[in-house]
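Note sheet for the following structure.
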Amino acid sequence: GDSVTQMEGPVTLSEEAFLTINCTYTATGYPSLFWYVQYPGEGLQLLLKATKADDKGSNKGFEATYRKETTSFHLEKGSVQVSDSAVYFCALIPKGGNEKLTFGTGTRLTIIP
Amino acid sequence: NAGVMQNPRHLVRRRGQEARLRCSPMKGHSHVYWYRQLPEEGLKFMVYLQKENIIDESGMPKERFSAEFPKEGPSILRIQQVVRGDSAAYFCASSRGELDNQPQHFGDGTRLSIL
């Protein structure tokens with residue numbers, strides 16, 4: 001079945017550091033890929049997405065590129081801020097599927113000033 | 001433009017009671033999804049509904065759990081005879097469903113605690 005494997009946390013970085021959170025997937029065909037962010041006590045917000053190979057999703061300084069050759073969708077940001085502290089989830093929807101999301105286990109990110 | 005509304009935000013039940021969780025999708029959205037998040041874990045799909053129809057319930061436990069999305073009113077996730085293991089955050093998401101892979105919009109969740 002479909003699955004998403006995420007870099008385990010927690011991850012702690014200093015402000016302005018470079019961030020990478022790894023995500024790889026297993027799925028039939030070419031799924032759509034997503035990163036969601038969850039702030040404490042809140043629901044998930046879509047951060048970015050990519051729907052086909054080599055697409056780059058970007059939002060709020062975050063980027064992720066859909067790499068079919070490595071089945072990966074790593075999240076990156078060049079300079080993190082304290083306000084980026086949250087839990088980040090990688091997820092997929094299979095092509096032609098019924099839109100249910102399959103999530104990774106989440107990576108808790110803490111940015112210290 | 002209101003987002004996905006879930007209520008209550010927090011629900012406390014004793015073992016054996018019933019829990020009812022409500023979800024009103026975003027305006028214009030006819031597809032509803034329920035997910036469960038156990039402590040320190042990712043979200044797991046439970047059920048996918050359209051108005052008056054259950055499309056996919058492959059993630060629902062076989063007993064005690066049911067879901068509906070009536071023609072009028074919110075979607076309801078119902079848990080009968082709750083047990084301690086039902087303690088979790090339950091999230092609802094909605095989408096238009098008109099195109100493949102439309103992003104789902106999430107509510108803030110209902111945090112269910114079983115005493």
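Residues in the structure tokens are named by chain (A, B, ... in the order shown) and by number from 1 within that chain; ligands are numbered from 1 in the order shown.
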
With chain A as the partner and 7 Å as the cut-off, tabulate the residues of chain B that qualify, each row holding the nearest pair of atoms and their distance in Å to one decimal, using only C-alpha atoms, sorted by chain and rising number, as CSV.
residue,atom,partner,partner_atom,distance
B:Glu41,CA,A:Thr105,CA,5.3
B:Gly42,CA,A:Thr105,CA,4.0
B:Leu43,CA,A:Phe103,CA,6.1
B:Phe45,CA,A:Lys100,CA,6.8
B:Asn101,CA,A:Glu99,CA,5.8
B:Phe106,CA,A:Leu44,CA,5.7
B:Gly107,CA,A:Gly43,CA,5.4
B:Asp108,CA,A:Gly43,CA,3.9
B:Gly109,CA,A:Gly43,CA,5.9

(request) Fewer than 6 positions away in the same chain doesn't count, so skip those; otherwise give me all residues within 8 Å of Ile21 in chain A, counting only C-alpha atoms, as a PyMOL selection string. (result) chain A and resi 6-7+74-76+107

How would the residues just chosen look if you wrote them out with N, CA and C atoms as a CSV table (one decimal), in the first residue's frame?
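Heads up, here's the output in out27.csv:
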chain,number,residue,atom,x,y,z
A,6,GLN,N,8.9,9.8,6.9
A,6,GLN,CA,9.5,11.2,7.2
A,6,GLN,C,10.6,11.0,8.2
A,7,MET,N,11.5,12.0,8.1
A,7,MET,CA,12.6,12.2,9.0
A,7,MET,C,12.1,12.3,10.4
A,74,HIS,N,11.6,16.4,-0.2
A,74,HIS,CA,12.2,17.0,1.0
A,74,HIS,C,11.8,18.4,1.1
A,75,LEU,N,11.5,18.8,2.3
A,75,LEU,CA,11.2,20.2,2.6
A,75,LEU,C,12.4,21.0,3.0
A,76,GLU,N,12.6,22.2,2.4
A,76,GLU,CA,13.7,23.0,2.7
A,76,GLU,C,13.3,24.5,3.0
A,107,THR,N,7.1,15.7,11.8
A,107,THR,CA,8.4,16.1,12.4
A,107,THR,C,8.2,17.3,13.1

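Rounded to one decimal, CA of Met46 in chain B and CA of Lys62 in chain B lie 10.9 Å from each other.
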
(message) Please identify the strand (DSSP E) residues within chain B (assignment by DSSP from backbone atoms) and present them as a PyMOL selection string.
(response) chain B and resi 5-7+10-13+19-24+31-37+43-50+53-56+65-68+75-79+88-95+105-106+110-114

(message) Can you pull out the residues contacting range 79-91 of chain B? Cut-off 9 Å, using only C-alpha atoms, and skip same-chain residues under 3 positions away; I want them as a PyMOL selection string.
(response) (chain A and resi 43-44) or (chain B and resi 6+10+13-21+23+33-39+43+63-67+106-115)

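As for CA of Phe69 in chain B and CA of Val32 in chain B, they are spaced 7.9 Å apart.
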
(request) Write out as an MDAnalysis selection string which residues come within 9 Å of Asp54 in chain A when counting only C-alpha atoms, dropping same-chain ones fewer than 6 positions away. (result) chainID A and resid 65:68

May I have the selected residues written with C-alpha atoms, as a PDB file, in the first residue's frame?
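Generated output (out28.pdb):
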ATOM      1  CA  THR A  65      10.741  19.426  -5.284  1.00  0.00           C
ATOM      2  CA  TYR A  66       8.982  16.294  -6.504  1.00  0.00           C
ATOM      3  CA  ARG A  67      11.770  13.821  -7.363  1.00  0.00           C
ATOM      4  CA  LYS A  68      10.401  10.682  -8.993  1.00  0.00           C
TER       5      LYS A  68
END

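Straight-line separation from CA of Gly57 in chain A to CA of Leu19 in chain A: 15.6 Å.
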